[in-house]
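Shown below: coords12.cif, with mmCIF, N, CA and C atoms.
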```
data_upload
loop_
_atom_site.label_atom_id
_atom_site.label_comp_id
_atom_site.auth_asym_id
_atom_site.auth_seq_id
_atom_site.Cartn_x
_atom_site.Cartn_y
_atom_site.Cartn_z
N MET H 1 41.75 -0.44 42.60
CA MET H 1 40.59 -1.31 42.48
C MET H 1 40.96 -2.67 43.08
N GLN H 2 40.06 -3.17 43.88
CA GLN H 2 40.31 -4.46 44.49
C GLN H 2 40.07 -5.58 43.48
N ARG H 3 40.72 -6.67 43.74
CA ARG H 3 40.62 -7.82 42.83
C ARG H 3 39.18 -8.30 42.69
N ARG H 4 38.47 -8.36 43.79
CA ARG H 4 37.08 -8.82 43.78
C ARG H 4 36.20 -7.90 42.92
N ASN H 5 36.38 -6.61 43.03
CA ASN H 5 35.61 -5.66 42.21
C ASN H 5 35.97 -5.78 40.73
N PHE H 6 37.24 -5.98 40.44
CA PHE H 6 37.67 -6.16 39.05
C PHE H 6 37.01 -7.38 38.42
N ILE H 7 37.02 -8.50 39.14
CA ILE H 7 36.41 -9.73 38.62
C ILE H 7 34.91 -9.53 38.45
N ARG H 8 34.24 -8.87 39.37
CA ARG H 8 32.80 -8.62 39.27
C ARG H 8 32.49 -7.75 38.05
N GLN H 9 33.24 -6.67 37.85
CA GLN H 9 33.02 -5.78 36.71
C GLN H 9 33.29 -6.49 35.38
N THR H 10 34.33 -7.31 35.34
CA THR H 10 34.64 -8.07 34.13
C THR H 10 33.52 -9.06 33.81
N ALA H 11 33.02 -9.75 34.83
CA ALA H 11 31.94 -10.71 34.62
C ALA H 11 30.67 -10.01 34.15
N ILE H 12 30.33 -8.88 34.74
CA ILE H 12 29.13 -8.13 34.32
C ILE H 12 29.28 -7.66 32.88
N THR H 13 30.44 -7.18 32.51
CA THR H 13 30.68 -6.72 31.14
C THR H 13 30.56 -7.88 30.14
N LEU H 14 31.16 -9.01 30.44
CA LEU H 14 31.08 -10.17 29.55
C LEU H 14 29.65 -10.67 29.38
N VAL H 15 28.90 -10.74 30.46
CA VAL H 15 27.51 -11.19 30.39
C VAL H 15 26.68 -10.19 29.58
N SER H 16 26.92 -8.89 29.76
CA SER H 16 26.17 -7.87 29.01
C SER H 16 26.46 -7.96 27.52
N VAL H 17 27.71 -8.08 27.16
CA VAL H 17 28.08 -8.17 25.74
C VAL H 17 27.50 -9.45 25.12
N THR H 18 27.59 -10.56 25.81
CA THR H 18 27.04 -11.82 25.32
C THR H 18 25.53 -11.71 25.13
N GLY H 19 24.86 -11.09 26.06
CA GLY H 19 23.41 -10.90 25.95
C GLY H 19 23.03 -10.03 24.77
N MET H 20 23.77 -8.97 24.54
CA MET H 20 23.48 -8.09 23.40
C MET H 20 23.70 -8.82 22.07
N VAL H 21 24.75 -9.60 21.98
CA VAL H 21 25.01 -10.37 20.75
C VAL H 21 23.87 -11.36 20.52
N ALA H 22 23.40 -12.01 21.57
CA ALA H 22 22.31 -12.97 21.44
C ALA H 22 21.02 -12.27 20.99
N VAL H 23 20.72 -11.11 21.55
CA VAL H 23 19.51 -10.37 21.18
C VAL H 23 19.58 -9.93 19.72
N VAL H 24 20.71 -9.38 19.30
CA VAL H 24 20.86 -8.94 17.90
C VAL H 24 20.75 -10.12 16.95
N SER H 25 21.36 -11.23 17.28
CA SER H 25 21.28 -12.43 16.44
C SER H 25 19.85 -12.93 16.32
N TYR H 26 19.11 -12.91 17.40
CA TYR H 26 17.72 -13.34 17.38
C TYR H 26 16.87 -12.40 16.53
N LEU H 27 17.04 -11.10 16.68
CA LEU H 27 16.21 -10.13 15.96
C LEU H 27 16.53 -10.07 14.47
N ARG H 28 17.74 -10.47 14.06
CA ARG H 28 18.11 -10.46 12.64
C ARG H 28 17.20 -11.32 11.77
N GLN H 29 16.66 -12.39 12.33
CA GLN H 29 15.84 -13.29 11.52
C GLN H 29 14.53 -12.65 11.07
N PHE H 30 14.12 -11.56 11.69
CA PHE H 30 12.86 -10.92 11.35
C PHE H 30 12.99 -9.84 10.30
N PHE H 31 14.19 -9.57 9.84
CA PHE H 31 14.41 -8.54 8.84
C PHE H 31 14.98 -9.15 7.58
N PRO H 32 14.34 -8.90 6.41
CA PRO H 32 14.82 -9.49 5.17
C PRO H 32 16.20 -8.97 4.78
N ARG H 33 16.94 -9.83 4.10
CA ARG H 33 18.27 -9.44 3.64
C ARG H 33 18.16 -8.88 2.23
N LEU H 34 18.05 -7.57 2.14
CA LEU H 34 17.93 -6.93 0.83
C LEU H 34 19.14 -6.07 0.48
N ALA H 35 20.16 -6.14 1.30
CA ALA H 35 21.34 -5.32 1.03
C ALA H 35 21.90 -5.64 -0.35
N GLY H 36 22.10 -4.62 -1.14
CA GLY H 36 22.66 -4.81 -2.47
C GLY H 36 21.64 -5.25 -3.50
N GLN H 37 20.36 -5.37 -3.11
CA GLN H 37 19.34 -5.83 -4.06
C GLN H 37 18.26 -4.77 -4.28
N LYS H 38 18.53 -3.53 -4.02
CA LYS H 38 17.55 -2.46 -4.18
C LYS H 38 17.39 -2.05 -5.65
N ARG H 39 18.34 -2.41 -6.47
CA ARG H 39 18.29 -1.98 -7.86
C ARG H 39 17.38 -2.89 -8.69
N ARG H 40 16.92 -2.34 -9.79
CA ARG H 40 16.08 -3.14 -10.69
C ARG H 40 16.98 -4.03 -11.54
N ILE H 41 16.46 -5.22 -11.86
CA ILE H 41 17.22 -6.23 -12.58
C ILE H 41 16.55 -6.51 -13.92
N THR H 42 17.31 -6.42 -14.99
CA THR H 42 16.80 -6.79 -16.31
C THR H 42 17.22 -8.24 -16.56
N ILE H 43 16.21 -9.11 -16.78
CA ILE H 43 16.53 -10.54 -16.91
C ILE H 43 16.38 -11.09 -18.31
N GLY H 44 15.95 -10.27 -19.25
CA GLY H 44 15.86 -10.75 -20.63
C GLY H 44 14.44 -10.73 -21.15
N ASP H 45 14.23 -11.43 -22.23
CA ASP H 45 12.95 -11.48 -22.92
C ASP H 45 12.06 -12.56 -22.31
N SER H 46 10.74 -12.37 -22.36
CA SER H 46 9.81 -13.35 -21.77
C SER H 46 9.88 -14.70 -22.48
N ALA H 47 10.31 -14.73 -23.73
CA ALA H 47 10.41 -15.98 -24.47
C ALA H 47 11.50 -16.91 -23.91
N GLN H 48 12.40 -16.36 -23.09
CA GLN H 48 13.46 -17.18 -22.48
C GLN H 48 12.91 -18.08 -21.38
N PHE H 49 11.71 -17.80 -20.91
CA PHE H 49 11.14 -18.53 -19.78
C PHE H 49 9.98 -19.40 -20.25
N PRO H 50 10.12 -20.72 -20.14
CA PRO H 50 9.07 -21.63 -20.61
C PRO H 50 7.76 -21.41 -19.83
N VAL H 51 6.65 -21.64 -20.51
CA VAL H 51 5.32 -21.48 -19.91
C VAL H 51 5.10 -22.57 -18.86
N ASP H 52 4.44 -22.19 -17.75
CA ASP H 52 4.11 -23.08 -16.63
C ASP H 52 5.34 -23.73 -16.00
N THR H 53 6.43 -22.97 -15.92
CA THR H 53 7.68 -23.47 -15.35
C THR H 53 8.32 -22.41 -14.47
N TYR H 54 8.88 -22.85 -13.34
CA TYR H 54 9.70 -21.98 -12.51
C TYR H 54 11.14 -22.09 -13.01
N THR H 55 11.71 -20.98 -13.42
CA THR H 55 13.08 -20.95 -13.93
C THR H 55 13.96 -20.25 -12.91
N TYR H 56 15.01 -20.93 -12.47
CA TYR H 56 15.92 -20.35 -11.48
C TYR H 56 16.91 -19.42 -12.17
N VAL H 57 17.02 -18.18 -11.68
CA VAL H 57 17.97 -17.21 -12.19
C VAL H 57 19.07 -17.09 -11.14
N GLU H 58 20.15 -17.84 -11.37
CA GLU H 58 21.19 -18.02 -10.36
C GLU H 58 21.88 -16.73 -9.94
N GLU H 59 22.19 -15.86 -10.90
CA GLU H 59 22.95 -14.65 -10.56
C GLU H 59 22.16 -13.66 -9.70
N HIS H 60 20.83 -13.86 -9.60
CA HIS H 60 20.01 -12.96 -8.78
C HIS H 60 19.24 -13.70 -7.68
N ASN H 61 19.46 -15.00 -7.54
CA ASN H 61 18.81 -15.82 -6.51
C ASN H 61 17.30 -15.63 -6.48
N LEU H 62 16.68 -15.90 -7.62
CA LEU H 62 15.22 -15.84 -7.69
C LEU H 62 14.69 -16.82 -8.72
N PHE H 63 13.42 -17.12 -8.58
CA PHE H 63 12.72 -17.95 -9.55
C PHE H 63 11.77 -17.06 -10.33
N VAL H 64 11.73 -17.26 -11.64
CA VAL H 64 10.79 -16.56 -12.50
C VAL H 64 9.76 -17.59 -12.96
N TYR H 65 8.48 -17.26 -12.75
CA TYR H 65 7.41 -18.17 -13.17
C TYR H 65 6.61 -17.49 -14.26
N ARG H 66 6.45 -18.20 -15.36
CA ARG H 66 5.66 -17.69 -16.49
C ARG H 66 4.51 -18.64 -16.74
N ASP H 67 3.30 -18.08 -16.79
CA ASP H 67 2.15 -18.87 -17.20
C ASP H 67 1.53 -18.18 -18.42
N HIS H 68 0.33 -18.61 -18.81
CA HIS H 68 -0.30 -18.05 -20.01
C HIS H 68 -0.77 -16.62 -19.81
N GLU H 69 -0.86 -16.18 -18.55
CA GLU H 69 -1.33 -14.82 -18.26
C GLU H 69 -0.20 -13.82 -18.09
N GLY H 70 0.94 -14.25 -17.55
CA GLY H 70 2.01 -13.30 -17.30
C GLY H 70 3.21 -13.91 -16.61
N ILE H 71 4.01 -13.04 -16.01
CA ILE H 71 5.27 -13.44 -15.39
C ILE H 71 5.32 -12.93 -13.96
N ARG H 72 5.81 -13.78 -13.04
CA ARG H 72 6.00 -13.44 -11.63
C ARG H 72 7.43 -13.80 -11.22
N ALA H 73 7.90 -13.18 -10.14
CA ALA H 73 9.25 -13.49 -9.64
C ALA H 73 9.21 -13.64 -8.13
N VAL H 74 9.84 -14.72 -7.63
CA VAL H 74 9.87 -15.01 -6.20
C VAL H 74 11.32 -15.20 -5.77
N SER H 75 11.62 -14.76 -4.56
CA SER H 75 12.97 -14.92 -4.01
C SER H 75 13.30 -16.40 -3.84
N ALA H 76 14.55 -16.76 -4.10
CA ALA H 76 15.02 -18.13 -3.90
C ALA H 76 15.84 -18.24 -2.62
N VAL H 77 15.71 -17.23 -1.75
CA VAL H 77 16.46 -17.20 -0.49
C VAL H 77 15.53 -17.59 0.65
N CYS H 78 15.88 -18.66 1.36
CA CYS H 78 15.08 -19.12 2.49
C CYS H 78 15.01 -18.04 3.56
N THR H 79 13.84 -17.84 4.13
CA THR H 79 13.67 -16.80 5.14
C THR H 79 14.19 -17.21 6.51
N HIS H 80 14.68 -18.43 6.63
CA HIS H 80 15.22 -18.89 7.91
C HIS H 80 16.65 -18.36 8.11
N LEU H 81 17.58 -18.88 7.33
CA LEU H 81 18.98 -18.46 7.48
C LEU H 81 19.63 -18.04 6.16
N GLY H 82 18.85 -17.88 5.11
CA GLY H 82 19.39 -17.38 3.86
C GLY H 82 19.95 -18.40 2.90
N CYS H 83 19.66 -19.68 3.10
CA CYS H 83 20.10 -20.71 2.14
C CYS H 83 19.32 -20.53 0.84
N ILE H 84 19.83 -21.07 -0.24
CA ILE H 84 19.14 -21.01 -1.52
C ILE H 84 18.20 -22.21 -1.60
N ILE H 85 16.91 -21.93 -1.81
CA ILE H 85 15.90 -22.99 -1.86
C ILE H 85 15.92 -23.67 -3.22
N GLU H 86 15.28 -24.82 -3.27
CA GLU H 86 15.18 -25.58 -4.52
C GLU H 86 13.72 -25.80 -4.84
N LYS H 87 13.41 -25.93 -6.11
CA LYS H 87 12.05 -26.23 -6.55
C LYS H 87 11.78 -27.70 -6.28
N SER H 88 10.62 -27.99 -5.67
CA SER H 88 10.21 -29.38 -5.46
C SER H 88 8.91 -29.61 -6.22
N THR H 89 8.39 -30.80 -6.16
CA THR H 89 7.19 -31.12 -6.93
C THR H 89 5.97 -30.32 -6.49
N ASP H 90 5.88 -29.98 -5.21
CA ASP H 90 4.70 -29.27 -4.72
C ASP H 90 5.02 -27.90 -4.16
N GLY H 91 6.14 -27.31 -4.56
CA GLY H 91 6.51 -25.98 -4.08
C GLY H 91 8.00 -25.79 -4.06
N PHE H 92 8.50 -25.33 -2.90
CA PHE H 92 9.93 -25.08 -2.74
C PHE H 92 10.39 -25.72 -1.44
N GLU H 93 11.67 -26.08 -1.39
CA GLU H 93 12.22 -26.71 -0.20
C GLU H 93 13.63 -26.20 0.04
N CYS H 94 13.95 -25.94 1.32
CA CYS H 94 15.29 -25.51 1.70
C CYS H 94 16.13 -26.76 2.00
N PRO H 95 17.23 -26.94 1.28
CA PRO H 95 18.06 -28.13 1.52
C PRO H 95 18.87 -28.07 2.82
N CYS H 96 18.99 -26.90 3.41
CA CYS H 96 19.81 -26.74 4.62
C CYS H 96 19.09 -27.20 5.88
N HIS H 97 17.88 -26.69 6.11
CA HIS H 97 17.20 -26.95 7.37
C HIS H 97 15.77 -27.47 7.20
N GLY H 98 15.37 -27.74 5.96
CA GLY H 98 14.11 -28.42 5.71
C GLY H 98 12.86 -27.58 5.66
N SER H 99 12.96 -26.27 5.57
CA SER H 99 11.75 -25.46 5.43
C SER H 99 11.07 -25.78 4.12
N CYS H 100 9.74 -25.89 4.14
CA CYS H 100 8.97 -26.17 2.93
C CYS H 100 7.99 -25.03 2.68
N TYR H 101 7.87 -24.66 1.42
CA TYR H 101 6.95 -23.60 1.00
C TYR H 101 6.07 -24.16 -0.11
N ASN H 102 4.83 -23.66 -0.21
CA ASN H 102 3.98 -24.07 -1.32
C ASN H 102 4.32 -23.22 -2.55
N THR H 103 3.58 -23.40 -3.64
CA THR H 103 3.90 -22.66 -4.88
C THR H 103 3.61 -21.17 -4.76
N LYS H 104 2.88 -20.75 -3.73
CA LYS H 104 2.66 -19.32 -3.49
C LYS H 104 3.71 -18.74 -2.55
N GLY H 105 4.67 -19.58 -2.13
CA GLY H 105 5.74 -19.12 -1.25
C GLY H 105 5.37 -19.09 0.22
N GLU H 106 4.21 -19.65 0.56
CA GLU H 106 3.78 -19.67 1.96
C GLU H 106 4.47 -20.82 2.69
N VAL H 107 4.88 -20.56 3.94
CA VAL H 107 5.56 -21.57 4.74
C VAL H 107 4.60 -22.70 5.07
N LEU H 108 5.00 -23.93 4.76
CA LEU H 108 4.22 -25.11 5.10
C LEU H 108 4.77 -25.80 6.34
N SER H 109 6.10 -25.86 6.45
CA SER H 109 6.74 -26.50 7.60
C SER H 109 8.18 -26.04 7.70
N GLY H 110 8.78 -26.36 8.84
CA GLY H 110 10.18 -26.04 9.04
C GLY H 110 10.38 -24.78 9.86
N PRO H 111 11.62 -24.38 10.01
CA PRO H 111 11.94 -23.25 10.88
C PRO H 111 11.78 -21.87 10.24
N ALA H 112 11.41 -21.78 8.98
CA ALA H 112 11.29 -20.47 8.32
C ALA H 112 10.25 -19.61 9.02
N PRO H 113 10.60 -18.36 9.38
CA PRO H 113 9.68 -17.51 10.13
C PRO H 113 8.63 -16.79 9.28
N ARG H 114 8.84 -16.70 7.97
CA ARG H 114 7.88 -15.97 7.12
C ARG H 114 7.90 -16.52 5.69
N ASP H 115 6.91 -16.11 4.92
CA ASP H 115 6.78 -16.55 3.53
C ASP H 115 7.89 -15.95 2.66
N LEU H 116 8.05 -16.55 1.48
CA LEU H 116 9.01 -16.03 0.50
C LEU H 116 8.50 -14.70 -0.05
N SER H 117 9.41 -13.85 -0.47
CA SER H 117 9.06 -12.54 -1.03
C SER H 117 8.85 -12.64 -2.53
N TRP H 118 7.76 -12.04 -3.00
CA TRP H 118 7.48 -11.92 -4.43
C TRP H 118 7.83 -10.49 -4.83
N TYR H 119 8.46 -10.33 -6.00
CA TYR H 119 8.93 -9.03 -6.43
C TYR H 119 8.12 -8.50 -7.60
N ARG H 120 8.05 -7.18 -7.69
CA ARG H 120 7.36 -6.52 -8.79
C ARG H 120 8.08 -6.82 -10.10
N VAL H 121 7.32 -7.22 -11.11
CA VAL H 121 7.85 -7.50 -12.45
C VAL H 121 7.20 -6.50 -13.41
N SER H 122 8.01 -5.92 -14.28
CA SER H 122 7.49 -4.97 -15.26
C SER H 122 8.22 -5.17 -16.58
N GLY H 123 7.77 -4.44 -17.58
CA GLY H 123 8.39 -4.52 -18.89
C GLY H 123 9.21 -3.28 -19.19
N GLN H 124 10.10 -3.42 -20.14
CA GLN H 124 10.97 -2.34 -20.56
C GLN H 124 10.90 -2.25 -22.08
N ALA H 125 11.28 -1.13 -22.62
CA ALA H 125 11.30 -0.98 -24.07
C ALA H 125 12.15 -2.09 -24.68
N GLY H 126 11.67 -2.65 -25.76
CA GLY H 126 12.39 -3.74 -26.42
C GLY H 126 11.96 -5.11 -25.93
N GLY H 127 10.93 -5.15 -25.08
CA GLY H 127 10.39 -6.43 -24.61
C GLY H 127 11.16 -7.08 -23.47
N LYS H 128 12.08 -6.39 -22.86
CA LYS H 128 12.86 -6.95 -21.76
C LYS H 128 12.02 -6.96 -20.48
N ILE H 129 12.25 -7.99 -19.66
CA ILE H 129 11.56 -8.13 -18.37
C ILE H 129 12.44 -7.53 -17.28
N VAL H 130 11.83 -6.72 -16.40
CA VAL H 130 12.55 -6.06 -15.32
C VAL H 130 11.95 -6.48 -13.98
N ILE H 131 12.81 -6.85 -13.03
CA ILE H 131 12.37 -7.24 -11.69
C ILE H 131 12.91 -6.22 -10.70
N ASP H 132 12.05 -5.81 -9.77
CA ASP H 132 12.42 -4.83 -8.75
C ASP H 132 12.41 -5.49 -7.38
N PRO H 133 13.57 -6.00 -6.90
CA PRO H 133 13.62 -6.67 -5.59
C PRO H 133 13.33 -5.74 -4.42
N GLY H 134 13.34 -4.44 -4.65
CA GLY H 134 13.03 -3.49 -3.59
C GLY H 134 11.54 -3.31 -3.38
N THR H 135 10.71 -3.86 -4.27
CA THR H 135 9.26 -3.74 -4.16
C THR H 135 8.66 -5.13 -4.00
N VAL H 136 8.19 -5.43 -2.80
CA VAL H 136 7.58 -6.73 -2.52
C VAL H 136 6.08 -6.63 -2.81
N VAL H 137 5.57 -7.63 -3.52
CA VAL H 137 4.15 -7.67 -3.91
C VAL H 137 3.57 -9.01 -3.47
N GLY H 138 2.28 -9.20 -3.71
CA GLY H 138 1.63 -10.47 -3.40
C GLY H 138 1.94 -11.52 -4.44
N PRO H 139 1.71 -12.80 -4.12
CA PRO H 139 2.03 -13.87 -5.05
C PRO H 139 1.17 -13.87 -6.32
N GLU H 140 0.05 -13.19 -6.30
CA GLU H 140 -0.82 -13.15 -7.48
C GLU H 140 -0.50 -11.99 -8.41
N ASP H 141 0.36 -11.06 -7.99
CA ASP H 141 0.72 -9.91 -8.81
C ASP H 141 1.66 -10.36 -9.91
N LYS H 142 1.30 -10.10 -11.15
CA LYS H 142 2.15 -10.54 -12.26
C LYS H 142 2.17 -9.49 -13.36
N TYR H 143 3.22 -9.54 -14.15
CA TYR H 143 3.35 -8.68 -15.31
C TYR H 143 2.66 -9.39 -16.47
N ILE H 144 1.70 -8.73 -17.06
CA ILE H 144 0.97 -9.32 -18.18
C ILE H 144 1.83 -9.18 -19.44
N SER H 145 2.31 -10.32 -19.91
CA SER H 145 3.18 -10.32 -21.09
C SER H 145 2.39 -10.77 -22.31
N SER H 146 2.92 -10.43 -23.45
CA SER H 146 2.23 -10.82 -24.68
C SER H 146 2.81 -12.07 -25.27
#
```
Could you express the structure from this file as C-alpha cells?
Amino acid sequence: MQRRNFIRQTAITLVSVTGMVAVVSYLRQFFPRLAGQKRRITIGDSAQFPVDTYTYVEEHNLFVYRDHEGIRAVSAVCTHLGCIIEKSTDGFECPCHGSCYNTKGEVLSGPAPRDLSWYRVSGQAGGKIVIDPGTVVGPEDKYISS
C-alpha cells in the first residue's frame, strides 16, 4: 500500500467514525433515559405527602404532588441532558442549563427538547402509593386517594 493511499484511508475512517459519534450523540437527546426505572416503586403512605405541595423523592428522582383530589408523580430529570431539576415558584427549573417548565411539566424556555414525564400512580394493599416509571401518563392523570 502506498503512503498516500494509507493516509487517505486513515482520514476517511477517522471522519466516518467522528460523524457516527456525532449522529449518535445528537439522536440520544430524543430518547428518554428509563434504563433501570422500569420497575414499580413503592413510596409510602399518602399521608407522608403534604397537600398542595410538590415533594422531592431523592432516591427515585421524582416529585410527588398531592392535592385534595389525589396524587401525581413527575420526573425530576431534565429532558435536556439529565440534570436534576428544582422546584421554583412557578414550576420547575434546571440549575445546569436553565430549562424552565411550568407546573404541568411543559417546557417554557431553555434547551429542553420535550416536556417532563408524568408517571402512573396507583395504590397497593395497606394504603401504600405505587409509582410506575415505565408508564407515562398525562399531567392530569392522578391516583384518587382517600
Q) Just how far from atom N of H:Ala112 is atom N of H:Phe30, in Å to one decimal? A)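 Interatomic distance, atom N of H:Phe30 to atom N of H:Ala112: 10.9 Å.
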Q: Please evaluate the PyMOL selection byres ((chain H and resi 43-46) around 8) against the displayed coordinates and give the resulting residues as a ChimeraX atom specification.
A: /H:40-42,47-51,66,71,126-131,145-146
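Using the PyMOL selection byres (((chain H and resi 107-111 and name CA) around 10) and name CA) on the file at hand returns these residues: H:Cys78, H:Thr79, H:His80, H:Leu81, H:Gly91, H:Phe92, H:Glu93, H:Cys94, H:His97, H:Gly98, H:Ser99, H:Cys100, H:Tyr101, H:Asn102, H:Thr103, H:Lys104, H:Gly105, H:Glu106, H:Ala112, H:Pro113, H:Arg114, H:Asp115, H:Leu116.
Evaluated on this file, the PyMOL selection byres (((chain H and resi 60 and name CA) around 10) and name CA) matches Gln37, Ile41, Ile43, Tyr56, Val57, Glu58, Glu59, Asn61, Leu62, Phe63, Ser75, Ala76, Val77, Ile131 and Pro133 of chain H.
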Q | H:Tyr119 surroundings by all atoms listed in the file, 6 Å radius, close-in-sequence under 2 positions cut, as JSON, numbers by chain | A | {"H": [73, 74, 75, 117, 121, 132, 133, 135, 136, 137]}
Pull N, CA and C atoms from the residues just selected and write them as a PDB file, in the coordinates of the input.
```pdb
ATOM      1  N   ALA H  73       7.900 -13.180 -10.140  1.00  0.00           N
ATOM      2  CA  ALA H  73       9.250 -13.490  -9.640  1.00  0.00           C
ATOM      3  C   ALA H  73       9.210 -13.640  -8.130  1.00  0.00           C
ATOM      4  N   VAL H  74       9.840 -14.720  -7.630  1.00  0.00           N
ATOM      5  CA  VAL H  74       9.870 -15.010  -6.200  1.00  0.00           C
ATOM      6  C   VAL H  74      11.320 -15.200  -5.770  1.00  0.00           C
ATOM      7  N   SER H  75      11.620 -14.760  -4.560  1.00  0.00           N
ATOM      8  CA  SER H  75      12.970 -14.920  -4.010  1.00  0.00           C
ATOM      9  C   SER H  75      13.300 -16.400  -3.840  1.00  0.00           C
ATOM     10  N   SER H 117       9.410 -13.850  -0.470  1.00  0.00           N
ATOM     11  CA  SER H 117       9.060 -12.540  -1.030  1.00  0.00           C
ATOM     12  C   SER H 117       8.850 -12.640  -2.530  1.00  0.00           C
ATOM     13  N   VAL H 121       7.320  -7.220 -11.110  1.00  0.00           N
ATOM     14  CA  VAL H 121       7.850  -7.500 -12.450  1.00  0.00           C
ATOM     15  C   VAL H 121       7.200  -6.500 -13.410  1.00  0.00           C
ATOM     16  N   ASP H 132      12.050  -5.810  -9.770  1.00  0.00           N
ATOM     17  CA  ASP H 132      12.420  -4.830  -8.750  1.00  0.00           C
ATOM     18  C   ASP H 132      12.410  -5.490  -7.380  1.00  0.00           C
ATOM     19  N   PRO H 133      13.570  -6.000  -6.900  1.00  0.00           N
ATOM     20  CA  PRO H 133      13.620  -6.670  -5.590  1.00  0.00           C
ATOM     21  C   PRO H 133      13.330  -5.740  -4.420  1.00  0.00           C
ATOM     22  N   THR H 135      10.710  -3.860  -4.270  1.00  0.00           N
ATOM     23  CA  THR H 135       9.260  -3.740  -4.160  1.00  0.00           C
ATOM     24  C   THR H 135       8.660  -5.130  -4.000  1.00  0.00           C
ATOM     25  N   VAL H 136       8.190  -5.430  -2.800  1.00  0.00           N
ATOM     26  CA  VAL H 136       7.580  -6.730  -2.520  1.00  0.00           C
ATOM     27  C   VAL H 136       6.080  -6.630  -2.810  1.00  0.00           C
ATOM     28  N   VAL H 137       5.570  -7.630  -3.520  1.00  0.00           N
ATOM     29  CA  VAL H 137       4.150  -7.670  -3.910  1.00  0.00           C
ATOM     30  C   VAL H 137       3.570  -9.010  -3.470  1.00  0.00           C
TER      31      VAL H 137
END
```
Q) Can you list, as a ChimeraX atom specification, every residue of stretch 18-134 of chain H that DSSP puts in helix (DSSP H, G or I)? A) /H:18-28,46-48,58-60
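Minimum atom-to-atom distance to H:Tyr54, evaluated using all atoms listed in the file, belongs to H:Lys87 out of H:Ala125, H:Pro95, H:Ser25, H:Lys87.
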Q. Mind pulling up the distance from atom C of H:Ile85 to atom N of H:Gly134?
A.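 One can read the atom N of H:Gly134 to atom C of H:Ile85 distance as 19.5 Å.
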Written coordinates, C-alpha atoms of stretch 38-66 of chain H as a PDB file, in the first residue's frame:
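New file selection-v6.pdb:
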```
ATOM      1  CA  LYS H  38     -38.962   0.000  34.512  1.00  0.00           C
ATOM      2  CA  ARG H  39     -39.923  -1.410  37.896  1.00  0.00           C
ATOM      3  CA  ARG H  40     -42.732  -0.129  40.064  1.00  0.00           C
ATOM      4  CA  ILE H  41     -41.739   1.967  43.075  1.00  0.00           C
ATOM      5  CA  THR H  42     -43.487   1.904  46.442  1.00  0.00           C
ATOM      6  CA  ILE H  43     -43.057   5.330  48.043  1.00  0.00           C
ATOM      7  CA  GLY H  44     -45.112   5.038  51.212  1.00  0.00           C
ATOM      8  CA  ASP H  45     -48.426   6.273  52.539  1.00  0.00           C
ATOM      9  CA  SER H  46     -50.264   9.280  51.059  1.00  0.00           C
ATOM     10  CA  ALA H  47     -50.191  10.982  54.484  1.00  0.00           C
ATOM     11  CA  GLN H  48     -46.412  11.417  54.063  1.00  0.00           C
ATOM     12  CA  PHE H  49     -47.022  13.974  51.311  1.00  0.00           C
ATOM     13  CA  PRO H  50     -48.434  17.376  52.331  1.00  0.00           C
ATOM     14  CA  VAL H  51     -51.481  18.656  50.434  1.00  0.00           C
ATOM     15  CA  ASP H  52     -50.827  21.177  47.603  1.00  0.00           C
ATOM     16  CA  THR H  53     -47.075  20.557  47.750  1.00  0.00           C
ATOM     17  CA  TYR H  54     -44.500  19.040  45.410  1.00  0.00           C
ATOM     18  CA  THR H  55     -42.353  16.661  47.465  1.00  0.00           C
ATOM     19  CA  TYR H  56     -39.000  15.607  46.021  1.00  0.00           C
ATOM     20  CA  VAL H  57     -38.252  11.876  46.359  1.00  0.00           C
ATOM     21  CA  GLU H  58     -34.468  11.870  46.022  1.00  0.00           C
ATOM     22  CA  GLU H  59     -33.823   8.130  45.737  1.00  0.00           C
ATOM     23  CA  HIS H  60     -36.101   7.922  42.664  1.00  0.00           C
ATOM     24  CA  ASN H  61     -35.542  11.401  41.129  1.00  0.00           C
ATOM     25  CA  LEU H  62     -39.177  12.421  41.012  1.00  0.00           C
ATOM     26  CA  PHE H  63     -41.622  14.865  42.508  1.00  0.00           C
ATOM     27  CA  VAL H  64     -44.863  13.683  44.089  1.00  0.00           C
ATOM     28  CA  TYR H  65     -47.711  16.188  44.073  1.00  0.00           C
ATOM     29  CA  ARG H  66     -50.721  15.714  46.324  1.00  0.00           C
TER      30      ARG H  66
END
```
